[in-house]
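> Let me give you the structure first, and then I'll get to my questions.
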4 protein chains.
Amino acid sequence: MAKLRMAMVGGGPGSFIGPVHRLAAELDGEIAMVAGAFSANPARSTEAGLGYGVAPDRAYASFREMIAAEAGRGDGARLVVVATPNHLHLPVAVAALEAGLAVVSDKPATATLNEARELATVVARTGGLYALTYTYTGYPLLREAREIVASGRLGAVRKAVVEYPQGWLSGAVDNKQAAWRLDPSQAGLGGCVADIGVHAFNALEFVSGRRVTALCADLSRVQTGRRLDDDCNVLLRLDNGAPAVLHASQISAGERNGLRLRIYGERGGLDWCHDQPNVLTLNWLDRPSETLHAGAPYLSASARAVTRLPSGHPEGFIEAFANIYRDVAAVMRTGQAQPALQGIDAGVRGMAFIEAAVESSRDRAWRDLTV
Amino acid sequence: MAKLRMAMVGGGPGSFIGPVHRLAAELDGEIAMVAGAFSANPARSTEAGLGYGVAPDRAYASFREMIAAEAGRGDGARLVVVATPNHLHLPVAVAALEAGLAVVSDKPATATLNEARELATVVARTGGLYALTYTYTGYPLLREAREIVASGRLGAVRKAVVEYPQGWLSGAVDNKQAAWRLDPSQAGLGGCVADIGVHAFNALEFVSGRRVTALCADLSRVQTGRRLDDDCNVLLRLDNGAPAVLHASQISAGERNGLRLRIYGERGGLDWCHDQPNVLTLNWLDRPSETLHAGAPYLSASARAVTRLPSGHPEGFIEAFANIYRDVAAVMRTGQAQPALQGIDAGVRGMAFIEAAVESSRDRAWRDLTV
Amino acid sequence: MAKLRMAMVGGGPGSFIGPVHRLAAELDGEIAMVAGAFSANPARSTEAGLGYGVAPDRAYASFREMIAAEAGRGDGARLVVVATPNHLHLPVAVAALEAGLAVVSDKPATATLNEARELATVVARTGGLYALTYTYTGYPLLREAREIVASGRLGAVRKAVVEYPQGWLSGAVDNKQAAWRLDPSQAGLGGCVADIGVHAFNALEFVSGRRVTALCADLSRVQTGRRLDDDCNVLLRLDNGAPAVLHASQISAGERNGLRLRIYGERGGLDWCHDQPNVLTLNWLDRPSETLHAGAPYLSASARAVTRLPSGHPEGFIEAFANIYRDVAAVMRTGQAQPALQGIDAGVRGMAFIEAAVESSRDRAWRDLTV
Amino acid sequence: MAKLRMAMVGGGPGSFIGPVHRLAAELDGEIAMVAGAFSANPARSTEAGLGYGVAPDRAYASFREMIAAEAGRGDGARLVVVATPNHLHLPVAVAALEAGLAVVSDKPATATLNEARELATVVARTGGLYALTYTYTGYPLLREAREIVASGRLGAVRKAVVEYPQGWLSGAVDNKQAAWRLDPSQAGLGGCVADIGVHAFNALEFVSGRRVTALCADLSRVQTGRRLDDDCNVLLRLDNGAPAVLHASQISAGERNGLRLRIYGERGGLDWCHDQPNVLTLNWLDRPSETLHAGAPYLSASARAVTRLPSGHPEGFIEAFANIYRDVAAVMRTGQAQPALQGIDAGVRGMAFIEAAVESSRDRAWRDLTV
C-alpha cells in the first residue's frame, strides 16, 4: 500500500509544531512527507527540508508555488499541512482546497471569525477534507471520556471545568515561538485565548457533547508590554443551561502544559488531565472512584482503536497527534467520515469563542455565542 | 494550668460541626467544654450535652439564658462557640460579647453584609475576642503558603485560582445538614457561595496577601427546586490588578471536599490542595518543582508551630481546626494577637464577597468589592 | 458516663510517643490521663505530668510505686500505658497485669521472644486486657483492606509486598529517640526490624489473614558505628505457600514514614500507603481500578466505625491511634472482644519475626517461623 | 542523508515487540526497515512484511537466508534486529555479526549464561556493534537519575529498591506472548526473572553505577501448571556492601507495568517509576523534595538529548525505545561509543543474574554473582 504524500507549509527553523507534524504523520507508516514550503527564504526552506528528509527540489519558498507544483505532479503531495502562524491559515488552506488537496491545519482555524466563515464556505464548495489538529482529541482517554458522557452513564451534564495553565510566557520571552503568538498581525484577535484557550474550549465541547451558548471573559495582558492577552478566565453557560468555567494562562509561572477537563453529571464526574494522559478518573456519588487505563480491554472501541501498546506502556503527545493523522488517512483512503476528527465546524466554533471572549472582556459583559 | 472553659451554642443532634468543635477545642488539653445551648428543646439539649460530657444543669435550651448563667458563675464558660445556622450567628455573638465573653464563630460571620457590619461595631466597642473558624487557615501548609508569598520568593502575585468542589448536594438530599443550608431564612443570602465559596475566598486573601477589588459571578441553582445557589463561579480582580478565578460547587457529583489554591507569582507558583493537606508544591519557572512536607524542620516557624508530629505522620481536619483554637487560647491567655487568626475583618470581607457575588450574578455584571 | 482513668509509664521529656498516647487516648472523650511515671527523676516526672495535665501527687518516679498506689485508690487508674523503651515493656506490663490493671503497650511486645512468651503466660493467667499499639491497624482503610481480603473478593492471596522506608537515622543522629533505639540494652534484639519492620510484619498478617511460615532476612548496619540493624530486607513465605517481600529501612535518606502494603489475589490486588492513608486502591485484572475513600458510606461497617468525619475531611495518625484506644475502651466497658485489636498473640508473632529475622540474617539462611 | 537500513528477525503475527521495534527505529527518520525474516512460514513472513512496508522479495522465511541475501546486496540491511523468543537470540546474533552486520537484540541476551559468554566472544572477535533494548535505559529521566548518582549529589549509594510488578499472567493465559515466555525450550532458564526481573536488575546497575555481588532469590511458580517462575523476589548486595531488594512479578493481578527504582545515598534518594516516566523525584534528608520534569532546561545534557518536545508534552514507551535506536544510529554513523547504550557486557551481567537467581532459589541459599 503506497503511502499518502504530504507537504507542509511552515514548520521551518525554530518551529515547535513542524517537527511534531512530521513525527506524528509518519509514525504509523501510512503517510510520507515529500514536500514543503518551510520558509519564504529559499535556502532556509531547502535546509529545513533536508532535516525532514525532503528533497531539495521539493522544498519551496512559496506555498502557492508549492501547491501548484505538487498538485500538478503525478507523485505530488495530496495533503497539505498548515503549520504557519495563524494569519496564514486561511490563504494556505484556501489555496490547497482550491487545488483539490486535503488540508490538515493547526488551530485556531484562522485569525478571525470572519475568516473562519469564509473558509467554511470554501470547504463546503470544494468538498475537500479539512481537519484541525486539536491535539487533545487524539488522546484515547479523552475519546473515552466523550463516549462515557454520550452513553449517559454520568447522567445529564450539570457542570464543567476546563483549565489550561502554562507558564512559559511569564517573563519577557524572546524566541520565535513567542514572537508570532504575541504579535496581533500574525496571531489574530487573541493571544492566550487563541493559542490554548481554544484547545480548552474544544475539549469542553468535544467531551461534553454540549455547545457553549454564552460567556463572560476576563482577558489580561499580565506581562508588561504585551499587545495580546496572556491570561484568560471565562464563565460559560452550556446549551442545557449548565454552568462551566474555563481558565487558561501563559503566565502561570511553573506550570507546563496541564490541560485538565472535568465534567460532572447527575451521578458522577469525570476528570482527565494531560499531566497523566493515560488515566481517566470517574468519581461517583455513591461508590468508589474508578481509574481507567489507556490500552485496557475494558475501554470503548473508540479508545482502543487509538492505542498501539498494551496498558502500562505510556503513549504521549506524538501518539495523540498521530491519531489525528490516522483519522485523516482513513478519510483519504476510505472516504468515510471519522467521528472524532475535528473539521471546519469545530474551527468556526473555536473562532466564535475567541471573538466572543475578546469582546466580552473588552465590554466587561456577558455575550451570547451564536454560530 | 487550669483549662479555658467553653460553652457551645448549636451543635445538637445531627450536627456535623458541633462535634468537630469539641474534638478540636479539647485536642491540645487547653480548653474544656463545660456548657452548651445545644437545642431549643430542653430534653434534646440535655441529651446532646451528655454526649459532649456536659453536666445536665449546664445544658441550656436558650443561648441567652446560657450566656447570662455562665457569665455569672465564677467557674463559668469564658468562651462561646457559635455552631448554629447562619441566621443566629449575629445574635449569639452579640450577646456573648456584650456579656464579656470571647466568641469563636462558624463562618460565614453572619447572614448578611449589614449584619456583619453591625457585628464589627460590637466587636470594636466591647473589645472582645472574636474569631472565625475558617478551618483551612489552620493547616500548617496553608500558613506556610502565606509565608512564602509574603516573603516575596514567588515575586509579585500575578494570577490565582481557587476552587472548592463538592458533590454531596447533587441530588435531593434530605438531612439536617442540607436543610438549613438550602433555606434562605437560616442560611442567609447565599447557598454554595456562603457555605464554601467563602472558604475559598478567605483562603485566597489569606495566602495571597491581596484583597479582591472586583468580581463577576455566575451562581446557579442546578438541582431542581433549590432556593439558593448550589454552584458558583466567579471571575475576580485583586488589588494589584492580577486576575483570579474562584469556583465552588455542591453539585459536582463525586467530589468530596477538595479545596485547592494556586497562587502564581513572577518566578513560580504554589499549589495546595485539601486532598493532600500535608504537602505544598512549589513550581518554578526555571528549576525543579519542590514539595514541602508538614512537620519538616525546613518550614517556617508559623508552620512548625502548628504540627504535633514529625513529618510523615499525617495530621488532618481536626488538627487544623484545633490550631485555630490554639490561637484563640493563646490570645485569651496572653492577650497577644495571633497573626493567622481570622477575626471580624475577615468576617466582613467574606460577607461582602457573598453579597457582591449574589448581586453580580443577579445583574449579570461586574461589581466592585468595597468594604 | 465517667471517663476511664489511665496512667502512663514513660513518655517523659523528649518522648515522641508519650504525647501521641495522650492525644489519642483522650481524643474521643472516653479516657482521661490521671497519673504517670514519666521519668525516674522525680522532678522531671512531675514536670512532665504538668505538661499532660496530671496532678503532681500522681506523677511518680517509679512505675512499681505508681501501680501500687493507683491500684489502691478508688479513683485510681485502671489502664496502664507502656511508653518506655522496649526493655521495660515486660516488667511494666507484668506488674500492671498482676495488679489487675489493663495494659496498652507500645510495640514490639518485649525485647526478646522469650520475654514475649513469658508475658503471654501472664496475660493468660491474669485474664487481663493487653493491647498493642500497632498504630496502622487503627486506620479505617487498613481495616477495610482486611475486610476485603477476608471477603474473598480478591481470591486467594498469591503475593504480598510490604515496605516501610524511613530516612531519619541516615546520619549520626543524636537525640533521645535515636539513642535508645540504637542501644541493644534498651531496644532488644533488633534495630530497624524491631522498630518498624515489626509494624510491616503485623500489617501483612493483619490484612492478609495469613501467617508467615518462613523467611530469609538481610539486616544491615549501614551507618558506621551502629550496633543494631538500621535496614532490613526479608523474603517471606505465607502459610498457603504464597511468596512475600518485606523491606524496611531507617537509612533511606529522604523518606519519611511511608508504610505501604500490597496484597495480590487471583483476581486483583489492593494497595494502601500511609502517605495517603485515606484512600485504598483496588486494581483488578479485567476492569478499572477502584479508589475507596475513608468516610464513604460504601465502606464496611468496620471501617465506617472508626472515622469521625465525612469523606473528604482527612483524619490522620492521631485519629488512627485513637481508634485503638476506642477498641480498648470498648473492651473495658463492655467486656466484648474487638476484632481488630492486637493482643499478646500478635505480640508473640512480632517477636518471633524479629528473632527469626535476626538469626536468618546472621546465618545467611532461610528460617522457619514457628510459634 | 540516506537512512540506515534495518532487517528484523521475528516480530511476525501476534508479536508485541516487533511493531515496537518498527515504530521506534523509524521514529526519528534515521532508520528504515527494508527486510525481515518474520516467520518460518513464507506466506506469513510475506504478509507480516507488507504490514511493516517491506517488499515481498525481502520478506524471508529463514534468518540465515535473510542475512546472506541482505549482506550481499549493495542496498542491503546493515542492522539486524533480533525480536525472537530467547532461544534464537544467540544464533541470530552470531550469524549477523559474522556477516558483518550490526545487531540490536531484545533482552535477555540469550537463553543461558554460557550462551551469553559465547556471544561475548563473537562480539569481541568480530568487533561488531551489539546493542540490547533494555527499554527503560532509553527514558530521559532514568538517564538523568544515572547522572545524578554519578555526580555524587546523593552521596555514596547505601540502599536500593527496584520492583517490576505485572499481573498479565495471573490466570491461565493463552496467547502467543505468554506461550513462549512460559516454555523453557524457548525462554531459557527463567520466566519472570528473565523477562522482567532482568530489566529491573539492569536498571539497578545502570543507575546506581554499582555491581551486584551476591543475591538470595525466591522464585515461584504461582499459577498452577507453570514450568517457569512467574514471580521472583531477591535480596541483593552491591559491590560497596550496600543492601538492595528486587522484586518482580507477572501474577500481581491488577498491576500493569510499573517498573520502579529507588536509590538512596547518604544525603537523599531518587525515585523513578514507569507509571509516570516523565518525572523524577529527589527526596532529601533536610530540604524539600524535588520533582524534575522531562524536557526541562535544567536537566543534564544526557537527558535533554533524548527528548523531542518541551516539558509538559509527554513522551512514552515508543520514544524511549527510539532513544536506544538513536544511540545505535549514532554509533553506526560516527563510530563513537554512546555511554548509555547497553551492550554485551550488560547482556552477560543480566544472564549471570538470571542464572544465579534460579540457582539461589533452587538451593535456598545466597550466591555470589561473579562475571
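Please note that chains go A, B, ... in the order of the C-alpha cells, that every chain numbers its residues from 1, and that ligands are numbered from 1 in the order shown.
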Write down, as a list in words, each residue of chain C that has any atom within 6 Å of an atom of chain A, counting only C-alpha atoms.

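Those within range of chain A come out as Pro288, Ser289, Glu290, Thr291 and Leu292 of chain C.
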
> Identify, with DSSP run on backbone atoms, the residues in range 42-119 of chain D assigned to alpha helix (DSSP H), and express the list as a count of residues only.

38

> Quick one: residues within 7 Å of range 182-196 of chain C, only C-alpha atoms counted, chain neighbours fewer than 6 positions away excluded, as a PyMOL selection string?

chain C and resi 85-87+108+111-112+164+226-232+248-250+354-355+358

> Would you list the contacts of range 27-37 of chain A as a PyMOL selection string, taking every protein, DNA or RNA residue within 8 Å and counting only C-alpha atoms, but skipping same-chain residues closer than 4 positions in sequence?

(chain A and resi 2-10+22-23+45+49+52-55+58-63+66+70+76-77+319+322+326+329) or (chain D and resi 23+26-27+52-53)

> Identify which of the residues C:Leu235, C:Leu129, C:Val92, C:Ala214 lies closest to Val371 in chain C, counting only C-alpha atoms when measuring atom-to-atom distances.

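Going through C:Leu235, C:Leu129, C:Val92, C:Ala214 one by one, the smallest distance to Val371 in chain C is for C:Ala214.
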
> Can you tell me, as an mmCIF file with C-alpha atoms, in the first residue's frame, what residues are no more than 6 Å from range 301-316 of chain D when counting only C-alpha atoms, ignoring any on the same chain fewer than 4 positions away?


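Once written, around-v1.cif looks like this:
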data_model
loop_
_atom_site.group_PDB
_atom_site.id
_atom_site.type_symbol
_atom_site.label_atom_id
_atom_site.label_comp_id
_atom_site.auth_asym_id
_atom_site.auth_seq_id
_atom_site.Cartn_x
_atom_site.Cartn_y
_atom_site.Cartn_z
ATOM 1 C CA ARG A 256 3.957 23.292 31.999
ATOM 2 C CA ASN A 257 1.056 22.164 29.872
ATOM 3 C CA PRO A 314 2.677 5.002 28.076
ATOM 4 C CA GLU A 315 1.937 6.770 24.834
ATOM 5 C CA GLY A 316 2.113 10.533 24.704
ATOM 6 C CA PHE A 317 1.772 13.703 22.722
ATOM 7 C CA PRO D 140 15.371 10.577 29.677
ATOM 8 C CA ARG D 143 19.386 8.676 32.284
ATOM 9 C CA GLU D 144 19.086 11.751 34.467
ATOM 10 C CA ALA D 294 11.416 15.634 31.249
ATOM 11 C CA GLY D 295 12.179 18.276 28.682
ATOM 12 C CA ALA D 296 13.122 20.895 31.242
#

> Using only C-alpha atoms, which protein or nucleic acid residues come within 8 Å of Ser170 in chain A? Drop anything in the same chain fewer than 5 positions from it, and give the result as a list in words.

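Within the cut-off, the hits are Gln223, Gln250, Ile251, Ser252 and Ala253 of chain A; Glu266, Arg267 and Leu285 of chain B.
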
> Write down as a ChimeraX atom specification the residues belonging to range 177-291 of chain D that are assigned strand (DSSP E or B) by DSSP computed on the backbone.

/D:212-220,231-238,243-249,260-265,268-273,279-284,289-291

> For a test of reading the model, state the distance in Å between CA of His21 in chain B and CA of Met332 in chain B, rounded to one decimal.

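These atoms are spaced 17.3 Å apart.
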
> What is the distance, in Å and to one decimal place, between CA of Leu142 in chain C and CA of Ser220 in chain D?

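Computing the Euclidean distance for CA of Leu142 in chain C and CA of Ser220 in chain D yields 27.1 Å.
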
> Need to verify the contact set: range 338-349 of chain B, 7 Å, only C-alpha atoms, exclusion of same-chain residues closer than 6 positions in sequence. Can you return it as a list of chain:residue names?

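Here the answer would be B:Pro108, B:Ala109, B:Leu113, B:Ala116, B:Arg117, B:Ala120, B:Tyr130, B:Ala131, B:Leu132, B:Ile324, B:Asp327, B:Val331, B:Val371.
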
> Would you mind reading off the distance between CA of Ser360 in chain A and CA of Thr224 in chain A, one decimal, in Å?

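Distance between the two atoms: 22.0 Å.
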